Each structure stands twice: as structure tokens, then as C-alpha cells.
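J.: Sharing start.pdb (PDB, C-alpha atoms (C1' of nucleotides)) below.
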ATOM      1  CA  MET G  17      -1.236 -18.739   9.148
ATOM      2  CA  ASN G  18       0.392 -15.480   8.161
ATOM      3  CA  TYR G  19       0.118 -11.875   9.233
ATOM      4  CA  TRP G  20       0.030  -8.735   7.134
ATOM      5  CA  LEU G  21      -0.383  -5.007   7.207
ATOM      6  CA  ALA G  22      -2.459  -3.091   4.663
ATOM      7  CA  LYS G  23      -2.792   0.665   4.305
ATOM      8  CA  SER G  24      -5.787   2.741   3.430
ATOM      9  CA  GLU G  25      -6.392   6.442   3.618
ATOM     10  CA  PRO G  26      -9.288   6.822   6.059
ATOM     11  CA  GLU G  27     -10.746   9.609   3.933
ATOM     12  CA  GLU G  28     -11.061   7.023   1.190
ATOM     13  CA  TYR G  29     -11.915   3.991   3.283
ATOM     14  CA  SER G  30     -11.550   3.754   7.047
ATOM     15  CA  ILE G  31     -11.918   0.983   9.595
ATOM     16  CA  ASP G  32     -15.311   2.425  10.502
ATOM     17  CA  ASP G  33     -16.409   2.036   6.886
ATOM     18  CA  LEU G  34     -15.284  -1.581   7.032
ATOM     19  CA  LYS G  35     -17.055  -2.122  10.346
ATOM     20  CA  LYS G  36     -20.242  -0.981   8.656
ATOM     21  CA  ASP G  37     -19.665  -3.016   5.474
ATOM     22  CA  LYS G  38     -18.385  -6.079   7.400
ATOM     23  CA  VAL G  39     -16.493  -7.325   4.301
ATOM     24  CA  CYS G  40     -14.701  -5.409   1.553
ATOM     25  CA  HIS G  41     -12.759  -5.976  -1.633
ATOM     26  CA  TRP G  42      -9.257  -4.701  -0.957
ATOM     27  CA  ASP G  43      -9.099  -3.279  -4.467
ATOM     28  CA  GLY G  44      -7.240  -0.476  -6.183
ATOM     29  CA  VAL G  45      -3.739  -1.641  -5.258
ATOM     30  CA  ARG G  46      -1.494  -0.832  -8.238
ATOM     31  CA  ASN G  47       1.937  -1.856  -7.089
ATOM     32  CA  TYR G  48       3.448  -5.169  -8.145
ATOM     33  CA  GLN G  49       5.118  -6.039  -4.886
ATOM     34  CA  ALA G  50       1.971  -5.298  -2.903
ATOM     35  CA  ARG G  51      -0.022  -7.356  -5.410
ATOM     36  CA  ASN G  52       2.334 -10.288  -4.998
ATOM     37  CA  TYR G  53       1.888 -10.196  -1.253
ATOM     38  CA  MET G  54      -1.887 -10.096  -1.621
ATOM     39  CA  ARG G  55      -1.719 -13.189  -3.803
ATOM     40  CA  GLU G  56       0.125 -14.963  -1.001
ATOM     41  CA  MET G  57      -2.646 -14.253   1.485
ATOM     42  CA  GLN G  58      -4.515 -17.321   2.659
ATOM     43  CA  LYS G  59      -7.983 -17.625   4.085
ATOM     44  CA  GLY G  60      -7.853 -16.928   7.803
ATOM     45  CA  ASP G  61      -4.719 -14.762   7.685
ATOM     46  CA  LEU G  62      -4.941 -11.662   9.847
ATOM     47  CA  VAL G  63      -4.271  -8.187   8.497
ATOM     48  CA  LEU G  64      -3.549  -4.989  10.403
ATOM     49  CA  PHE G  65      -5.571  -2.045   9.122
ATOM     50  CA  TYR G  66      -3.264   0.971   8.847
ATOM     51  CA  HIS G  67      -4.609   4.488   8.360
ATOM     52  CA  SER G  68      -2.211   6.348   6.098
ATOM     53  CA  ASN G  69      -2.270  10.042   5.268
ATOM     54  CA  ALA G  70      -4.202  10.562   8.471
ATOM     55  CA  ALA G  71      -3.750  12.738  11.523
ATOM     56  CA  PRO G  72      -2.187  10.846  13.081
ATOM     57  CA  PRO G  73      -1.331   7.879  10.880
ATOM     58  CA  GLY G  74      -1.360   4.491  12.627
ATOM     59  CA  VAL G  75      -2.879   1.063  13.115
ATOM     60  CA  ALA G  76      -6.621   1.096  13.731
ATOM     61  CA  GLY G  77      -7.546  -2.573  13.998
ATOM     62  CA  VAL G  78      -7.515  -6.061  12.534
ATOM     63  CA  MET G  79      -9.083  -7.704   9.480
ATOM     64  CA  LYS G  80      -9.286 -11.300   8.364
ATOM     65  CA  VAL G  81      -8.824 -12.743   4.877
ATOM     66  CA  VAL G  82     -12.108 -14.393   3.869
ATOM     67  CA  LYS G  83     -11.449 -14.823   0.149
ATOM     68  CA  ILE G  84      -8.103 -15.255  -1.552
ATOM     69  CA  ALA G  85      -7.035 -12.819  -4.255
ATOM     70  CA  TYR G  86      -9.004 -12.780  -7.526
ATOM     71  CA  PRO G  87      -8.864 -10.316 -10.450
ATOM     72  CA  ASP G  88      -9.604  -6.803  -9.201
ATOM     73  CA  PRO G  89     -12.795  -5.697 -11.014
ATOM     74  CA  SER G  90     -11.828  -2.020 -10.841
ATOM     75  CA  GLN G  91      -9.054  -2.529 -13.418
ATOM     76  CA  PHE G  92     -11.675  -3.240 -16.107
ATOM     77  CA  ASP G  93     -13.985  -0.348 -15.273
ATOM     78  CA  LYS G  94     -13.303   2.621 -17.528
ATOM     79  CA  LYS G  95     -15.014   4.957 -15.100
ATOM     80  CA  ASP G  96     -12.981   3.822 -12.131
ATOM     81  CA  LYS G  97      -9.902   5.814 -11.227
ATOM     82  CA  HIS G  98      -7.984   2.560 -10.972
ATOM     83  CA  PHE G  99      -8.871   1.543 -14.537
ATOM     84  CA  ASP G 100      -5.907  -0.052 -16.305
ATOM     85  CA  PRO G 101      -6.174  -0.082 -20.110
ATOM     86  CA  LYS G 102      -3.299  -2.560 -20.344
ATOM     87  CA  SER G 103      -5.122  -5.174 -18.321
ATOM     88  CA  THR G 104      -7.341  -7.700 -20.112
ATOM     89  CA  GLY G 105      -9.821 -10.276 -18.880
ATOM     90  CA  ASP G 106      -7.542 -13.043 -20.187
ATOM     91  CA  ASN G 107      -4.512 -11.592 -18.547
ATOM     92  CA  PRO G 108      -5.429  -9.444 -15.553
ATOM     93  CA  ARG G 109      -2.634  -7.548 -13.880
ATOM     94  CA  TRP G 110      -4.219  -6.697 -10.576
ATOM     95  CA  PHE G 111      -5.746  -8.821  -7.868
ATOM     96  CA  CYS G 112      -7.588  -8.218  -4.639
ATOM     97  CA  PRO G 113      -8.615 -10.367  -1.678
ATOM     98  CA  ASP G 114     -11.767  -9.943   0.374
ATOM     99  CA  LEU G 115     -11.142  -8.807   3.916
ATOM    100  CA  LYS G 116     -13.567  -8.976   6.818
ATOM    101  CA  PHE G 117     -13.798  -6.669   9.794
ATOM    102  CA  GLU G 118     -12.363  -8.418  12.804
ATOM    103  CA  ARG G 119     -11.992  -5.711  15.391
ATOM    104  CA  LYS G 120     -11.214  -2.084  15.941
ATOM    105  CA  PHE G 121      -8.557  -1.381  18.557
ATOM    106  CA  LYS G 122      -9.695   0.259  21.775
ATOM    107  CA  GLN G 123      -6.417   2.094  21.600
ATOM    108  CA  PHE G 124      -5.405   3.499  18.218
ATOM    109  CA  ILE G 125      -1.656   3.000  17.749
ATOM    110  CA  SER G 126       0.006   5.954  16.103
ATOM    111  CA  LEU G 127       3.020   5.710  13.844
ATOM    112  CA  SER G 128       5.173   7.525  16.397
ATOM    113  CA  GLU G 129       4.226   4.974  19.075
ATOM    114  CA  LEU G 130       5.127   2.156  16.701
ATOM    115  CA  ARG G 131       8.505   3.785  16.126
ATOM    116  CA  ASN G 132       9.107   3.906  19.866
ATOM    117  CA  THR G 133       8.222   0.271  20.486
ATOM    118  CA  LYS G 134      10.911  -2.304  21.105
ATOM    119  CA  GLY G 135      10.642  -5.326  18.825
ATOM    120  CA  LEU G 136       9.197  -3.448  15.860
ATOM    121  CA  GLU G 137      12.506  -2.159  14.510
ATOM    122  CA  LYS G 138      12.266  -4.409  11.481
ATOM    123  CA  LEU G 139       8.639  -3.725  10.642
ATOM    124  CA  PRO G 140       8.666  -2.822   6.923
ATOM    125  CA  LEU G 141       6.300   0.067   7.597
ATOM    126  CA  LEU G 142       8.960   1.741   9.719
ATOM    127  CA  GLN G 143      11.821   1.343   7.292
ATOM    128  CA  ARG G 144      13.078   4.511   5.753
ATOM    129  CA  GLY G 145      11.152   5.477   2.664
ATOM    130  CA  SER G 146       8.844   2.473   2.775
ATOM    131  CA  ARG G 147       5.723   3.142   0.774
ATOM    132  CA  LEU G 148       4.588  -0.411   0.261
ATOM    133  CA  SER G 149       0.854  -0.506   0.880
ATOM    134  CA  VAL G 150       0.654  -4.232   1.689
ATOM    135  CA  HIS G 151       3.393  -6.177   3.410
ATOM    136  CA  PRO G 152       3.983  -9.109   5.746
ATOM    137  CA  VAL G 153       4.301  -8.775   9.515
ATOM    138  CA  SER G 154       5.931 -11.413  11.712
ATOM    139  CA  LYS G 155       3.878 -13.256  14.311
ATOM    140  CA  ARG G 156       5.832 -11.565  17.075
ATOM    141  CA  GLU G 157       5.337  -8.097  15.565
ATOM    142  CA  PHE G 158       1.659  -8.798  15.115
ATOM    143  CA  GLU G 159       1.325  -9.875  18.738
ATOM    144  CA  ILE G 160       3.153  -6.802  19.995
ATOM    145  CA  ILE G 161       0.897  -4.470  18.020
ATOM    146  CA  VAL G 162      -2.325  -6.236  18.974
ATOM    147  CA  GLY G 163      -1.175  -6.148  22.585
ATOM    148  CA  MET G 164      -0.789  -2.383  22.372
ATOM    149  CA  GLY G 165      -4.207  -1.902  20.813
ATOM    150  CA  THR G 166      -6.137  -4.017  23.292
TER     151      THR G 166
ATOM    152  C1'  DG K   7       0.896  22.231   0.606
ATOM    153  C1'  DC K   8       5.704  20.705   0.614
ATOM    154  C1'  DC K   9       8.874  17.493  -0.574
ATOM    155  C1'  DA K  10      11.770  13.162  -0.112
ATOM    156  C1'  DA K  11      11.647   8.619  -1.559
ATOM    157  C1'  DC K  12      10.374   5.514  -4.578
ATOM    158  C1'  DG K  13       8.145   3.226  -8.864
ATOM    159  C1'  DT K  14       7.158   3.458 -13.748
ATOM    160  C1'  DT K  15       7.672   4.956 -18.423
ATOM    161  C1'  DG K  16       9.839   5.607 -22.574
ATOM    162  C1'  DG K  17      13.632   7.504 -25.552
ATOM    163  C1'  DC K  18      17.909   6.167 -26.915
TER     164       DC K  18
ATOM    165  C1'  DG E   3      19.815  -1.908 -20.429
ATOM    166  C1'  DC E   4      20.497   2.890 -18.929
ATOM    167  C1'  DC E   5      18.619   6.773 -17.002
ATOM    168  C1'  DA E   6      15.996  11.218 -17.078
ATOM    169  C1'  DA E   7      11.493  12.649 -16.577
ATOM    170  C1'  DC E   8       7.473  12.128 -14.519
ATOM    171  C1'  DG E   9       3.836  10.430 -11.273
ATOM    172  C1'  DT E  10       2.569   8.745  -6.691
ATOM    173  C1'  DT E  11       2.887   7.922  -1.784
ATOM    174  C1'  DG E  12       2.596   9.492   2.568
ATOM    175  C1'  DG E  13       4.757  11.913   6.668
ATOM    176  C1'  DC E  14       4.985  16.302   8.305
TER     177       DC E  14
END
As C-alpha cells, please, write out the structure in this file.
T.:
Amino acid sequence: MNYWLAKSEPEEYSIDDLKKDKVCHWDGVRNYQARNYMREMQKGDLVLFYHSNAAPPGVAGVMKVVKIAYPDPSQFDKKDKHFDPKSTGDNPRWFCPDLKFERKFKQFISLSELRNTKGLEKLPLLQRGSRLSVHPVSKREFEIIVGMGT
DNA sequence: GCCAACGTTGGC
DNA sequence: GCCAACGTTGGC
């Protein structure tokens, strides 16, 4: 069982959208390192939902992996903004898992609160210049954050 | 909207 | 393989 953090801009797709949809394809990720992490996700893994480019940015809740990564359909769709002409059906570049709504935190945890929390110093999100949209979180870090949101 | 940090592309 | 130019991310 592993833990992760995944970012989305709430204007694009927020935790409330996911609550309504129940399950979503975590598609559109076009960064190799983030893709590799998504391919490591196993069914049942828990994922923190981070609102980026928001006011304020922060962690909004928890999702669960319900389907392991498969080729991201948006890479083949010419009309999609994530279309990738270099990707073929035989050799897809991009993958996405399906994530299910687990819960929305009673207490939204802002980025500045995360920065001020002991034990989260190594969280990749908080490292200088980190822009990685999907990354692992340790069990301890996950527990600290969930504890703050409850 | 600004801009620093980072990733990707492509000429050489 | 280097690296400048360019594009994107994301906090502020």
C-alpha cells in the first residue's frame, strides 16, 4: 500500500467535481516522471488531492486508486488539448489511472500550513521549485496531513 | 499578470 | 552531448 499526492487546478477539475463524478480518469499528465509514478500506483493506494493555482493552494481531500494506469485516451484525440501527435496506439507515451472520491477534508489544508508543519519538511511538494504534479508521500506524511484535515 | 524554476526541443 | 531558446507550472 502506497501513498501519493496529485495536483489539479480546481478551475479545471476540483475535488467537488470528483465528488459529483465519484470516479475520474486522472488524464492529461504530460510529464515523464509523473507518468512513471502513476504507473507505480496500485489498486487501493490512497492519493491526496492537491488544488494548485488556487487561492489558497492546498490539500482538499483523499482519493483511492481503483484502476491501475492504462493508455491515456486524450493523447489520441486530435481535438483534445493534451493531444500528442508523437504517441501511437502501438506505443502510447502517456498513461492514467482511475481515481475514486474517498473524502473531502473538513478542514482544507493550505500550502502555508503544510510548510509550517513539523514532519513534512521532506514532502516533495514543499521542496524548492518542485513542479511535479504526481509524487509519492510517505505513510507518516500521509497520516500527518490526513490528521490535519479531519 | 509577473516571474522563477524547471522540462523539452532542436541546432550544432 | 551541449546548451540556448522556448514553453509550462504554479506561487504570489
J.: Would you kindly translate the PyMOL selection byres ((chain G) within 9 of (chain K)) into the concrete residues it picks from this file, as a PyMOL selection string?
T.: chain G and resi 47+144-147
J.: Could you expand the PyMOL selection byres ((chain G and resi 51) around 9) into the explicit residues it covers here, written as an mmCIF file with C-alpha atoms, in the coordinates of the input?
T.:
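part-v8.cif, written as the output of this step:
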data_model
loop_
_atom_site.group_PDB
_atom_site.id
_atom_site.type_symbol
_atom_site.label_atom_id
_atom_site.label_comp_id
_atom_site.auth_asym_id
_atom_site.auth_seq_id
_atom_site.Cartn_x
_atom_site.Cartn_y
_atom_site.Cartn_z
ATOM 1 C CA VAL G 45 -3.739 -1.641 -5.258
ATOM 2 C CA ARG G 46 -1.494 -0.832 -8.238
ATOM 3 C CA ASN G 47 1.937 -1.856 -7.089
ATOM 4 C CA TYR G 48 3.448 -5.169 -8.145
ATOM 5 C CA GLN G 49 5.118 -6.039 -4.886
ATOM 6 C CA ALA G 50 1.971 -5.298 -2.903
ATOM 7 C CA ASN G 52 2.334 -10.288 -4.998
ATOM 8 C CA TYR G 53 1.888 -10.196 -1.253
ATOM 9 C CA MET G 54 -1.887 -10.096 -1.621
ATOM 10 C CA ARG G 55 -1.719 -13.189 -3.803
ATOM 11 C CA GLU G 56 0.125 -14.963 -1.001
ATOM 12 C CA ALA G 85 -7.035 -12.819 -4.255
ATOM 13 C CA ARG G 109 -2.634 -7.548 -13.880
ATOM 14 C CA TRP G 110 -4.219 -6.697 -10.576
ATOM 15 C CA PHE G 111 -5.746 -8.821 -7.868
ATOM 16 C CA CYS G 112 -7.588 -8.218 -4.639
ATOM 17 C CA VAL G 150 0.654 -4.232 1.689
#
J.: Quick one: residues within 7 Å of Tyr66 (chain G), only C-alpha atoms (C1' of nucleotides), excluding same-chain residues fewer than 4 positions away - as a list of chain:residue names?
T.: G:Leu21, G:Ala22, G:Lys23, G:Ser24, G:Gly74, G:Val75, G:Ala76
J.: Would you output that residue set with C-alpha atoms, as an mmCIF file, in the coordinates of the input?
T.:
data_model
loop_
_atom_site.group_PDB
_atom_site.id
_atom_site.type_symbol
_atom_site.label_atom_id
_atom_site.label_comp_id
_atom_site.auth_asym_id
_atom_site.auth_seq_id
_atom_site.Cartn_x
_atom_site.Cartn_y
_atom_site.Cartn_z
ATOM 1 C CA LEU G 21 -0.383 -5.007 7.207
ATOM 2 C CA ALA G 22 -2.459 -3.091 4.663
ATOM 3 C CA LYS G 23 -2.792 0.665 4.305
ATOM 4 C CA SER G 24 -5.787 2.741 3.430
ATOM 5 C CA GLY G 74 -1.360 4.491 12.627
ATOM 6 C CA VAL G 75 -2.879 1.063 13.115
ATOM 7 C CA ALA G 76 -6.621 1.096 13.731
#
J.: Excluding Arg131 (chain G) and its own-chain neighbours fewer than 2 positions away, which residues fall within 12 Å of it when counting all atoms listed in the file? Please give them as a PDB file with C-alpha atoms, in the coordinates of the input.
T.:
ATOM      1  CA  PRO G  73      -1.331   7.879  10.880  1.00  0.00           C
ATOM      2  CA  GLY G  74      -1.360   4.491  12.627  1.00  0.00           C
ATOM      3  CA  ILE G 125      -1.656   3.000  17.749  1.00  0.00           C
ATOM      4  CA  SER G 126       0.006   5.954  16.103  1.00  0.00           C
ATOM      5  CA  LEU G 127       3.020   5.710  13.844  1.00  0.00           C
ATOM      6  CA  SER G 128       5.173   7.525  16.397  1.00  0.00           C
ATOM      7  CA  GLU G 129       4.226   4.974  19.075  1.00  0.00           C
ATOM      8  CA  THR G 133       8.222   0.271  20.486  1.00  0.00           C
ATOM      9  CA  LYS G 134      10.911  -2.304  21.105  1.00  0.00           C
ATOM     10  CA  GLY G 135      10.642  -5.326  18.825  1.00  0.00           C
ATOM     11  CA  LEU G 136       9.197  -3.448  15.860  1.00  0.00           C
ATOM     12  CA  GLU G 137      12.506  -2.159  14.510  1.00  0.00           C
ATOM     13  CA  LYS G 138      12.266  -4.409  11.481  1.00  0.00           C
ATOM     14  CA  LEU G 139       8.639  -3.725  10.642  1.00  0.00           C
ATOM     15  CA  PRO G 140       8.666  -2.822   6.923  1.00  0.00           C
ATOM     16  CA  LEU G 141       6.300   0.067   7.597  1.00  0.00           C
ATOM     17  CA  LEU G 142       8.960   1.741   9.719  1.00  0.00           C
ATOM     18  CA  GLN G 143      11.821   1.343   7.292  1.00  0.00           C
ATOM     19  CA  ARG G 144      13.078   4.511   5.753  1.00  0.00           C
ATOM     20  CA  ILE G 161       0.897  -4.470  18.020  1.00  0.00           C
TER      21      ILE G 161
END
J.: Kindly list the centre and edge lengths in Å, rounded to one decimal, for the axis-aligned box that covers all listed atoms of region 20-38 of chain G plus 6 Å on each of its six sides, as lines of an AutoDock Vina configuration file.
T.:
center_x = -10.1
center_y = 0.4
center_z = 5.8
size_x = 32.3
size_y = 30.3
size_z = 21.3
J.: Could you tell me how far CA of Trp20 (chain G) lies from CA of Met79 (chain G), in Å and to one decimal?
T.: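 Computing it gives 9.5 Å between the two atoms.
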J.: One decimal, in Å: what's the spacing between CA of Phe99 (chain G) and CA of Tyr86 (chain G)?
T.: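 Computing the Euclidean distance for CA of Phe99 (chain G) and CA of Tyr86 (chain G) yields 15.9 Å.
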J.: If you measure from CA of Lys120 (chain G) to CA of Lys97 (chain G), what distance in Å do you get, rounded to one decimal?
T.: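 Distance between the two atoms: 28.3 Å.
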J.: Pull out every residue that the PyMOL selection byres ((chain G and resi 103) around 12) matches in the shown coordinates and put them as a PyMOL selection string.
T.: chain G and resi 46+87-94+98-102+104-111
J.: Mind checking which residues fall within 8 Å of Ile84 (chain G), counting only C-alpha atoms (C1' of nucleotides), ignoring those fewer than 4 positions away in the same chain, and posting them as an MDAnalysis selection string?
T.: chainID G and resid 55 57:59 112:114
J.: Could region 146-164 of chain G be completed with N, CA, C and O atoms and returned as an mmCIF file, in the frame of the given file?
T.:
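What landed in rebuild.cif:
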data_model
loop_
_atom_site.group_PDB
_atom_site.id
_atom_site.type_symbol
_atom_site.label_atom_id
_atom_site.label_comp_id
_atom_site.auth_asym_id
_atom_site.auth_seq_id
_atom_site.Cartn_x
_atom_site.Cartn_y
_atom_site.Cartn_z
ATOM 1 N N SER G 146 9.753 3.556 3.163
ATOM 2 C CA SER G 146 8.844 2.473 2.775
ATOM 3 C C SER G 146 7.471 3.021 2.401
ATOM 4 O O SER G 146 6.849 3.737 3.161
ATOM 5 N N ARG G 147 7.039 2.674 1.204
ATOM 6 C CA ARG G 147 5.723 3.142 0.774
ATOM 7 C C ARG G 147 4.833 1.978 0.418
ATOM 8 O O ARG G 147 3.735 2.166 -0.089
ATOM 9 N N LEU G 148 5.320 0.781 0.647
ATOM 10 C CA LEU G 148 4.588 -0.411 0.261
ATOM 11 C C LEU G 148 3.263 -0.483 1.005
ATOM 12 O O LEU G 148 3.238 -0.423 2.226
ATOM 13 N N SER G 149 2.163 -0.619 0.239
ATOM 14 C CA SER G 149 0.854 -0.506 0.880
ATOM 15 C C SER G 149 0.345 -1.823 1.462
ATOM 16 O O SER G 149 -0.627 -1.828 2.209
ATOM 17 N N VAL G 150 0.992 -2.936 1.091
ATOM 18 C CA VAL G 150 0.654 -4.232 1.689
ATOM 19 C C VAL G 150 1.963 -4.959 1.942
ATOM 20 O O VAL G 150 2.772 -5.060 1.021
ATOM 21 N N HIS G 151 2.165 -5.423 3.169
ATOM 22 C CA HIS G 151 3.393 -6.177 3.410
ATOM 23 C C HIS G 151 3.225 -7.122 4.591
ATOM 24 O O HIS G 151 2.332 -6.944 5.414
ATOM 25 N N PRO G 152 4.092 -8.134 4.658
ATOM 26 C CA PRO G 152 3.983 -9.109 5.746
ATOM 27 C C PRO G 152 4.458 -8.541 7.080
ATOM 28 O O PRO G 152 5.252 -7.599 7.124
ATOM 29 N N VAL G 153 3.942 -9.133 8.142
ATOM 30 C CA VAL G 153 4.301 -8.775 9.515
ATOM 31 C C VAL G 153 4.596 -10.099 10.214
ATOM 32 O O VAL G 153 3.883 -11.082 9.994
ATOM 33 N N SER G 154 5.643 -10.146 11.024
ATOM 34 C CA SER G 154 5.931 -11.413 11.712
ATOM 35 C C SER G 154 4.906 -11.634 12.820
ATOM 36 O O SER G 154 4.239 -10.709 13.279
ATOM 37 N N LYS G 155 4.829 -12.906 13.256
ATOM 38 C CA LYS G 155 3.878 -13.256 14.311
ATOM 39 C C LYS G 155 4.152 -12.416 15.561
ATOM 40 O O LYS G 155 3.238 -11.890 16.185
ATOM 41 N N ARG G 156 5.440 -12.321 15.877
ATOM 42 C CA ARG G 156 5.832 -11.565 17.075
ATOM 43 C C ARG G 156 5.430 -10.097 16.956
ATOM 44 O O ARG G 156 4.896 -9.509 17.884
ATOM 45 N N GLU G 157 5.709 -9.505 15.781
ATOM 46 C CA GLU G 157 5.337 -8.097 15.565
ATOM 47 C C GLU G 157 3.827 -7.923 15.663
ATOM 48 O O GLU G 157 3.332 -6.964 16.273
ATOM 49 N N PHE G 158 3.124 -8.870 15.068
ATOM 50 C CA PHE G 158 1.659 -8.798 15.115
ATOM 51 C C PHE G 158 1.174 -8.840 16.564
ATOM 52 O O PHE G 158 0.328 -8.038 16.970
ATOM 53 N N GLU G 159 1.748 -9.742 17.335
ATOM 54 C CA GLU G 159 1.325 -9.875 18.738
ATOM 55 C C GLU G 159 1.637 -8.618 19.543
ATOM 56 O O GLU G 159 0.840 -8.196 20.377
ATOM 57 N N ILE G 160 2.792 -8.031 19.284
ATOM 58 C CA ILE G 160 3.153 -6.802 19.995
ATOM 59 C C ILE G 160 2.128 -5.700 19.696
ATOM 60 O O ILE G 160 1.621 -5.024 20.596
ATOM 61 N N ILE G 161 1.806 -5.553 18.423
ATOM 62 C CA ILE G 161 0.897 -4.470 18.020
ATOM 63 C C ILE G 161 -0.511 -4.709 18.553
ATOM 64 O O ILE G 161 -1.145 -3.791 19.085
ATOM 65 N N VAL G 162 -0.989 -5.941 18.442
ATOM 66 C CA VAL G 162 -2.325 -6.236 18.974
ATOM 67 C C VAL G 162 -2.354 -6.015 20.482
ATOM 68 O O VAL G 162 -3.327 -5.484 21.023
ATOM 69 N N GLY G 163 -1.264 -6.360 21.136
ATOM 70 C CA GLY G 163 -1.175 -6.148 22.585
ATOM 71 C C GLY G 163 -1.285 -4.675 22.953
ATOM 72 O O GLY G 163 -1.882 -4.311 23.967
ATOM 73 N N MET G 164 -0.716 -3.826 22.112
ATOM 74 C CA MET G 164 -0.789 -2.383 22.372
ATOM 75 C C MET G 164 -2.191 -1.830 22.133
ATOM 76 O O MET G 164 -2.617 -0.870 22.775
#
